[in-house]
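> So here's data-v2.pdb, just PDB, C-alpha atoms and all ligand atoms:
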ATOM      1  CA  MET A   1     -87.967   4.338 -29.773
ATOM      2  CA  LYS A   2     -89.542   4.303 -33.211
ATOM      3  CA  SER A   3     -93.200   3.466 -33.549
ATOM      4  CA  LEU A   4     -94.036  -0.039 -34.655
ATOM      5  CA  ALA A   5     -97.450   1.002 -35.964
ATOM      6  CA  TRP A   6     -96.265   0.144 -39.487
ATOM      7  CA  MET A   7     -96.528  -3.540 -38.499
ATOM      8  CA  ASP A   8    -100.307  -3.206 -38.724
ATOM      9  CA  GLY A   9     -99.833  -3.147 -42.495
ATOM     10  CA  ALA A  10     -97.507  -6.148 -42.639
ATOM     11  CA  LEU A  11     -98.819  -8.725 -45.106
ATOM     12  CA  CYS A  12     -96.747 -11.445 -43.425
ATOM     13  CA  ALA A  13     -98.869 -11.047 -40.311
ATOM     14  CA  GLN A  14    -101.839 -12.272 -42.338
ATOM     15  CA  THR A  15    -100.209 -15.510 -43.522
ATOM     16  CA  ASP A  16     -98.101 -18.416 -42.295
ATOM     17  CA  PRO A  17     -95.016 -16.877 -40.585
ATOM     18  CA  ASP A  18     -93.014 -20.040 -41.295
ATOM     19  CA  LEU A  19     -92.840 -18.929 -44.936
ATOM     20  CA  TRP A  20     -90.439 -16.151 -43.870
ATOM     21  CA  PHE A  21     -88.217 -18.474 -41.861
ATOM     22  CA  PRO A  22     -87.966 -21.720 -43.853
ATOM     23  CA  GLU A  23     -86.300 -24.696 -42.197
ATOM     24  CA  GLY A  24     -83.103 -26.142 -43.630
ATOM     25  CA  SER A  25     -80.269 -24.577 -45.531
ATOM     26  CA  GLY A  26     -80.590 -23.634 -49.168
ATOM     27  CA  GLN A  27     -84.362 -23.354 -49.045
ATOM     28  CA  HIS A  28     -85.701 -20.244 -50.613
ATOM     29  CA  ALA A  29     -88.672 -18.334 -49.297
ATOM     30  CA  ARG A  30     -89.927 -17.555 -52.792
ATOM     31  CA  VAL A  31     -93.554 -17.351 -51.729
ATOM     32  CA  ALA A  32     -92.659 -14.994 -48.884
ATOM     33  CA  LEU A  33     -90.547 -12.783 -51.131
ATOM     34  CA  ARG A  34     -93.383 -12.592 -53.656
ATOM     35  CA  ILE A  35     -95.782 -11.501 -50.913
ATOM     36  CA  CYS A  36     -93.252  -8.921 -49.687
ATOM     37  CA  SER A  37     -93.128  -7.400 -53.163
ATOM     38  CA  GLY A  38     -96.727  -6.288 -52.702
ATOM     39  CA  CYS A  39     -96.398  -5.150 -49.101
ATOM     40  CA  SER A  40     -96.996  -1.455 -48.436
ATOM     41  CA  VAL A  41     -94.637  -1.295 -45.431
ATOM     42  CA  ARG A  42     -91.580  -2.758 -47.128
ATOM     43  CA  THR A  43     -89.428   0.322 -46.495
ATOM     44  CA  GLU A  44     -90.223   0.426 -42.784
ATOM     45  CA  CYS A  45     -89.732  -3.339 -42.579
ATOM     46  CA  GLY A  46     -86.289  -3.059 -44.170
ATOM     47  CA  GLU A  47     -85.243  -0.349 -41.716
ATOM     48  CA  PHE A  48     -86.529  -2.426 -38.806
ATOM     49  CA  ALA A  49     -84.706  -5.543 -40.048
ATOM     50  CA  GLN A  50     -81.476  -3.588 -40.417
ATOM     51  CA  GLY A  51     -81.768  -2.357 -36.834
ATOM     52  CA  VAL A  52     -82.411  -5.859 -35.518
ATOM     53  CA  GLU A  53     -79.546  -7.332 -37.505
ATOM     54  CA  ASP A  54     -77.129  -4.557 -36.562
ATOM     55  CA  ALA A  55     -77.981  -5.179 -32.909
ATOM     56  CA  SER A  56     -77.308  -8.901 -33.352
ATOM     57  CA  GLU A  57     -73.849  -8.336 -34.840
ATOM     58  CA  GLY A  58     -75.054  -8.796 -38.397
ATOM     59  CA  ARG A  59     -76.650 -12.212 -37.952
ATOM     60  CA  ARG A  60     -79.329 -12.555 -40.612
ATOM     61  CA  HIS A  61     -82.070 -15.126 -40.844
ATOM     62  CA  GLY A  62     -85.171 -15.414 -42.931
ATOM     63  CA  ALA A  63     -86.794 -13.062 -45.396
ATOM     64  CA  TRP A  64     -87.441  -9.429 -44.560
ATOM     65  CA  ALA A  65     -88.618  -6.590 -46.760
ATOM     66  CA  GLY A  66     -88.518  -8.693 -49.894
ATOM     67  CA  LEU A  67     -84.889  -9.713 -49.469
ATOM     68  CA  SER A  68     -83.300 -13.008 -48.460
ATOM     69  CA  ALA A  69     -80.669 -13.065 -45.705
ATOM     70  CA  ARG A  70     -77.929 -13.289 -48.359
ATOM     71  CA  GLN A  71     -79.353 -10.338 -50.289
ATOM     72  CA  ARG A  72     -79.521  -8.250 -47.102
ATOM     73  CA  HIS A  73     -75.923  -9.167 -46.310
ATOM     74  CA  ARG A  74     -74.831  -7.934 -49.760
ATOM     75  CA  GLN A  75     -76.938  -4.800 -49.393
ATOM     76  CA  ALA A  76     -75.435  -4.044 -45.972
ATOM     77  CA  ALA A  77     -71.905  -4.453 -47.379
ATOM     78  CA  ALA A  78     -72.737  -2.118 -50.271
ATOM     79  CA  ASN A  79     -74.240   0.435 -47.886
ATOM     80  CA  ASP A  80     -71.124   0.267 -45.671
ATOM     81  CA  ALA A  81     -68.920   0.955 -48.690
ATOM     82  CA  ARG A  82     -71.174   3.835 -49.775
ATOM     83  CA  ASP A  83     -71.109   5.300 -46.258
ATOM     84  CA  ARG A  84     -67.297   5.145 -46.098
ATOM     85  CA  THR A  85     -67.139   6.965 -49.439
ATOM     86  CA  ILE A  86     -69.565   9.632 -48.222
ATOM     87  CA  ILE A  87     -67.453  10.235 -45.110
ATOM     88  CA  ALA A  88     -64.237  10.363 -47.157
ATOM     89  CA  LEU A  89     -65.736  12.865 -49.619
ATOM     90  CA  THR A  90     -67.112  14.904 -46.722
ATOM     91  CA  GLU A  91     -63.623  15.075 -45.232
ATOM     92  CA  GLN A  92     -62.420  16.360 -48.621
ATOM     93  CA  GLY A  93     -64.875  19.241 -48.275
ATOM     94  CA  LEU A  94     -67.534  18.275 -50.828
ATOM     95  CA  SER A  95     -71.090  19.430 -50.172
ATOM     96  CA  ALA A  96     -73.960  17.000 -49.659
ATOM     97  CA  ALA A  97     -75.310  17.882 -53.118
ATOM     98  CA  GLU A  98     -71.923  17.253 -54.759
ATOM     99  CA  ILE A  99     -71.528  13.909 -53.010
ATOM    100  CA  GLY A 100     -75.091  12.928 -53.858
ATOM    101  CA  ALA A 101     -74.559  13.721 -57.525
ATOM    102  CA  ARG A 102     -71.285  11.816 -57.600
ATOM    103  CA  LEU A 103     -72.672   8.685 -55.910
ATOM    104  CA  GLY A 104     -76.205   8.741 -57.304
ATOM    105  CA  VAL A 105     -77.863   9.172 -53.910
ATOM    106  CA  THR A 106     -79.984  11.962 -52.513
ATOM    107  CA  GLY A 107     -78.523  14.807 -50.489
ATOM    108  CA  ARG A 108     -80.778  13.609 -47.700
ATOM    109  CA  THR A 109     -78.989  10.254 -47.679
ATOM    110  CA  VAL A 110     -75.652  12.046 -47.436
ATOM    111  CA  VAL A 111     -76.879  14.148 -44.504
ATOM    112  CA  ARG A 112     -78.244  11.051 -42.744
ATOM    113  CA  VAL A 113     -74.991   9.122 -43.182
ATOM    114  CA  ARG A 114     -72.984  12.092 -41.882
ATOM    115  CA  ALA A 115     -75.232  12.314 -38.842
ATOM    116  CA  ASP A 116     -75.027   8.558 -38.217
ATOM    117  CA  HIS A 117     -71.227   8.662 -38.282
ATOM    118  CA  ARG A 118     -70.738  11.888 -36.332
ATOM    119  CA  PRO A 119     -70.384  10.274 -32.861
ATOM    120  CA  GLN A 120     -67.779   7.812 -34.186
ATOM    121  CA  GLN A 121     -65.785  10.620 -35.760
ATOM    122  CA  GLU A 122     -65.900  12.732 -32.604
ATOM    123  CA  ALA A 123     -64.933   9.774 -30.407
ATOM    124  CA  ALA A 124     -61.931   8.948 -32.605
TER
HETATM  125  S1  LIG B   1     -92.121  -6.506 -46.462
HETATM  126 FE1  LIG B   1     -91.755  -7.002 -44.314
HETATM  127  S2  LIG B   1     -93.697  -6.576 -43.302
HETATM  128 FE2  LIG B   1     -94.114  -6.773 -45.496
HETATM  129  S3  LIG B   1     -94.629  -8.911 -45.835
HETATM  130 FE3  LIG B   1     -92.435  -8.712 -46.190
HETATM  131  S4  LIG B   1     -91.471  -9.220 -44.217
HETATM  132 FE4  LIG B   1     -93.641  -8.769 -43.826
END
Is it possible to give me this structure as structure tokens?


Amino acid sequence: MKSLAWMDGALCAQTDPDLWFPEGSGQHARVALRICSGCSVRTECGEFAQGVEDASEGRRHGAWAGLSARQRHRQAAANDARDRTIIALTEQGLSAAEIGARLGVTGRTVVRVRADHRPQQEAA
């Protein structure tokens, strides 16, 4: 299990948590998102939120890591499409560096996506 020590730096823990989970539909958490923009643990927060939302079958609620639920949904869809392209290009025999250059991502991202999808490929 990953360490949650990053939460010690969470700016939202120092303010009203209701800002991140506004009541009612259509309400924007503008104040929360503005605070997130200055938070030093935004990257870790985004990874944590993705894990939570993946485990809850993609249900998204509230603001995390400077993104609204809708923005995170769009980001997840874009990441899924990118990951499928990485796997397809891998199957065509391209190196991580070639795929990274083609898609505008780092070779490290390519390696991580390959590793994340390896069990699914082997199980298929
Ligand atoms: S980025 Fe995450 S941890 Fe930081 S204030 Fe926003 S919701 Fe909280």

> Would you work out the distance separating atom S1 of ligand LIG 1 (chain B) from CA of Arg82 in chain A, expressed in Å to one decimal?

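Computed distance, atom S1 of ligand LIG 1 (chain B) to CA of Arg82 in chain A, equals 23.6 Å.
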
> Once you count all atoms listed in the file, which residues end up within 10 Å of ligand LIG 1 (chain B), and could you hand them over as an MDAnalysis selection string?

chainID A and resid 6:15 17 19:20 32:49 62:68

> Excluding Ala97 in chain A and any residue of its chain fewer than 5 positions from it, enumerate the residues within 10 Å of it, using all atoms listed in the file, and give them as a count of residues only.

8

> With the PyMOL selection byres (((chain A and resi 56-59) around 10) and not hetatm) as the selection, what would be picked from this file? Answer as number ranges by chain, please.

A: 50-55, 60-61, 69, 72-73, 76

> If I wrap all listed atoms of range 95-100 of chain A in a box with edges along x, y and z and add 8 Å on each side, what are its centre and edge lengths in Å to one decimal, as AutoDock Vina command-line options?


--center_x -73.2 --center_y 16.2 --center_z -52.2 --size_x 20.2 --size_y 22.5 --size_z 21.1

> Mind giving me the straight-line distance from CA of Asp116 in chain A to CA of Arg70 in chain A in Å, one decimal?

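For CA of Asp116 in chain A relative to CA of Arg70 in chain A, the distance reads 24.3 Å.
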
> Please fill the gaps in range 41-72 of chain A so it has N, CA and C atoms, and write that as a PDB file, in the frame of the given file.


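This went into part02.pdb:
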ATOM      1  N   VAL A  41     -95.545  -1.770 -46.491  1.00  0.00           N
ATOM      2  CA  VAL A  41     -94.637  -1.295 -45.431  1.00  0.00           C
ATOM      3  C   VAL A  41     -93.225  -1.849 -45.608  1.00  0.00           C
ATOM      4  N   ARG A  42     -92.881  -2.140 -46.838  1.00  0.00           N
ATOM      5  CA  ARG A  42     -91.580  -2.758 -47.128  1.00  0.00           C
ATOM      6  C   ARG A  42     -90.408  -1.872 -46.671  1.00  0.00           C
ATOM      7  N   THR A  43     -90.515  -0.577 -46.891  1.00  0.00           N
ATOM      8  CA  THR A  43     -89.428   0.322 -46.495  1.00  0.00           C
ATOM      9  C   THR A  43     -89.227   0.291 -44.989  1.00  0.00           C
ATOM     10  N   GLU A  44     -90.311   0.436 -44.247  1.00  0.00           N
ATOM     11  CA  GLU A  44     -90.223   0.426 -42.784  1.00  0.00           C
ATOM     12  C   GLU A  44     -89.705  -0.929 -42.287  1.00  0.00           C
ATOM     13  N   CYS A  45     -90.163  -1.993 -42.938  1.00  0.00           N
ATOM     14  CA  CYS A  45     -89.732  -3.339 -42.579  1.00  0.00           C
ATOM     15  C   CYS A  45     -88.222  -3.492 -42.783  1.00  0.00           C
ATOM     16  N   GLY A  46     -87.731  -2.976 -43.898  1.00  0.00           N
ATOM     17  CA  GLY A  46     -86.289  -3.059 -44.170  1.00  0.00           C
ATOM     18  C   GLY A  46     -85.481  -2.311 -43.135  1.00  0.00           C
ATOM     19  N   GLU A  47     -85.956  -1.128 -42.731  1.00  0.00           N
ATOM     20  CA  GLU A  47     -85.243  -0.349 -41.716  1.00  0.00           C
ATOM     21  C   GLU A  47     -85.256  -1.083 -40.376  1.00  0.00           C
ATOM     22  N   PHE A  48     -86.405  -1.682 -40.061  1.00  0.00           N
ATOM     23  CA  PHE A  48     -86.529  -2.426 -38.806  1.00  0.00           C
ATOM     24  C   PHE A  48     -85.572  -3.625 -38.818  1.00  0.00           C
ATOM     25  N   ALA A  49     -85.582  -4.367 -39.933  1.00  0.00           N
ATOM     26  CA  ALA A  49     -84.706  -5.543 -40.048  1.00  0.00           C
ATOM     27  C   ALA A  49     -83.245  -5.148 -39.905  1.00  0.00           C
ATOM     28  N   GLN A  50     -82.871  -4.029 -40.516  1.00  0.00           N
ATOM     29  CA  GLN A  50     -81.476  -3.588 -40.417  1.00  0.00           C
ATOM     30  C   GLN A  50     -81.107  -3.299 -38.967  1.00  0.00           C
ATOM     31  N   GLY A  51     -82.023  -2.653 -38.239  1.00  0.00           N
ATOM     32  CA  GLY A  51     -81.768  -2.357 -36.834  1.00  0.00           C
ATOM     33  C   GLY A  51     -81.611  -3.627 -36.011  1.00  0.00           C
ATOM     34  N   VAL A  52     -82.483  -4.586 -36.256  1.00  0.00           N
ATOM     35  CA  VAL A  52     -82.411  -5.859 -35.518  1.00  0.00           C
ATOM     36  C   VAL A  52     -81.101  -6.572 -35.831  1.00  0.00           C
ATOM     37  N   GLU A  53     -80.746  -6.592 -37.106  1.00  0.00           N
ATOM     38  CA  GLU A  53     -79.546  -7.332 -37.505  1.00  0.00           C
ATOM     39  C   GLU A  53     -78.264  -6.614 -37.071  1.00  0.00           C
ATOM     40  N   ASP A  54     -78.283  -5.299 -37.075  1.00  0.00           N
ATOM     41  CA  ASP A  54     -77.129  -4.557 -36.562  1.00  0.00           C
ATOM     42  C   ASP A  54     -76.937  -4.860 -35.084  1.00  0.00           C
ATOM     43  N   ALA A  55     -78.052  -4.924 -34.347  1.00  0.00           N
ATOM     44  CA  ALA A  55     -77.981  -5.179 -32.909  1.00  0.00           C
ATOM     45  C   ALA A  55     -77.555  -6.610 -32.602  1.00  0.00           C
ATOM     46  N   SER A  56     -77.705  -7.502 -33.573  1.00  0.00           N
ATOM     47  CA  SER A  56     -77.308  -8.901 -33.352  1.00  0.00           C
ATOM     48  C   SER A  56     -76.012  -9.213 -34.102  1.00  0.00           C
ATOM     49  N   GLU A  57     -75.167  -8.203 -34.215  1.00  0.00           N
ATOM     50  CA  GLU A  57     -73.849  -8.336 -34.840  1.00  0.00           C
ATOM     51  C   GLU A  57     -73.920  -8.880 -36.255  1.00  0.00           C
ATOM     52  N   GLY A  58     -74.962  -8.446 -36.984  1.00  0.00           N
ATOM     53  CA  GLY A  58     -75.054  -8.796 -38.397  1.00  0.00           C
ATOM     54  C   GLY A  58     -75.611 -10.172 -38.701  1.00  0.00           C
ATOM     55  N   ARG A  59     -76.062 -10.896 -37.667  1.00  0.00           N
ATOM     56  CA  ARG A  59     -76.650 -12.212 -37.952  1.00  0.00           C
ATOM     57  C   ARG A  59     -77.968 -12.001 -38.677  1.00  0.00           C
ATOM     58  N   ARG A  60     -78.133 -12.703 -39.789  1.00  0.00           N
ATOM     59  CA  ARG A  60     -79.329 -12.555 -40.612  1.00  0.00           C
ATOM     60  C   ARG A  60     -79.992 -13.899 -40.798  1.00  0.00           C
ATOM     61  N   HIS A  61     -81.316 -13.888 -40.688  1.00  0.00           N
ATOM     62  CA  HIS A  61     -82.070 -15.126 -40.844  1.00  0.00           C
ATOM     63  C   HIS A  61     -83.427 -14.788 -41.425  1.00  0.00           C
ATOM     64  N   GLY A  62     -83.842 -15.565 -42.377  1.00  0.00           N
ATOM     65  CA  GLY A  62     -85.171 -15.414 -42.931  1.00  0.00           C
ATOM     66  C   GLY A  62     -85.289 -14.274 -43.932  1.00  0.00           C
ATOM     67  N   ALA A  63     -86.497 -14.105 -44.415  1.00  0.00           N
ATOM     68  CA  ALA A  63     -86.794 -13.062 -45.396  1.00  0.00           C
ATOM     69  C   ALA A  63     -87.391 -11.851 -44.690  1.00  0.00           C
ATOM     70  N   TRP A  64     -86.910 -10.696 -45.067  1.00  0.00           N
ATOM     71  CA  TRP A  64     -87.441  -9.429 -44.560  1.00  0.00           C
ATOM     72  C   TRP A  64     -87.477  -8.462 -45.729  1.00  0.00           C
ATOM     73  N   ALA A  65     -88.544  -7.699 -45.810  1.00  0.00           N
ATOM     74  CA  ALA A  65     -88.618  -6.590 -46.760  1.00  0.00           C
ATOM     75  C   ALA A  65     -88.337  -7.022 -48.199  1.00  0.00           C
ATOM     76  N   GLY A  66     -88.699  -8.233 -48.519  1.00  0.00           N
ATOM     77  CA  GLY A  66     -88.518  -8.693 -49.894  1.00  0.00           C
ATOM     78  C   GLY A  66     -87.109  -9.133 -50.232  1.00  0.00           C
ATOM     79  N   LEU A  67     -86.269  -9.302 -49.224  1.00  0.00           N
ATOM     80  CA  LEU A  67     -84.889  -9.713 -49.469  1.00  0.00           C
ATOM     81  C   LEU A  67     -84.554 -10.941 -48.623  1.00  0.00           C
ATOM     82  N   SER A  68     -83.788 -11.853 -49.212  1.00  0.00           N
ATOM     83  CA  SER A  68     -83.300 -13.008 -48.460  1.00  0.00           C
ATOM     84  C   SER A  68     -82.173 -12.544 -47.530  1.00  0.00           C
ATOM     85  N   ALA A  69     -81.767 -13.408 -46.623  1.00  0.00           N
ATOM     86  CA  ALA A  69     -80.669 -13.065 -45.705  1.00  0.00           C
ATOM     87  C   ALA A  69     -79.402 -12.748 -46.500  1.00  0.00           C
ATOM     88  N   ARG A  70     -79.125 -13.534 -47.537  1.00  0.00           N
ATOM     89  CA  ARG A  70     -77.929 -13.289 -48.359  1.00  0.00           C
ATOM     90  C   ARG A  70     -78.010 -11.941 -49.063  1.00  0.00           C
ATOM     91  N   GLN A  71     -79.177 -11.636 -49.607  1.00  0.00           N
ATOM     92  CA  GLN A  71     -79.353 -10.338 -50.289  1.00  0.00           C
ATOM     93  C   GLN A  71     -79.170  -9.179 -49.316  1.00  0.00           C
ATOM     94  N   ARG A  72     -79.681  -9.325 -48.092  1.00  0.00           N
ATOM     95  CA  ARG A  72     -79.521  -8.250 -47.102  1.00  0.00           C
ATOM     96  C   ARG A  72     -78.064  -8.098 -46.689  1.00  0.00           C
TER      97      ARG A  72
END
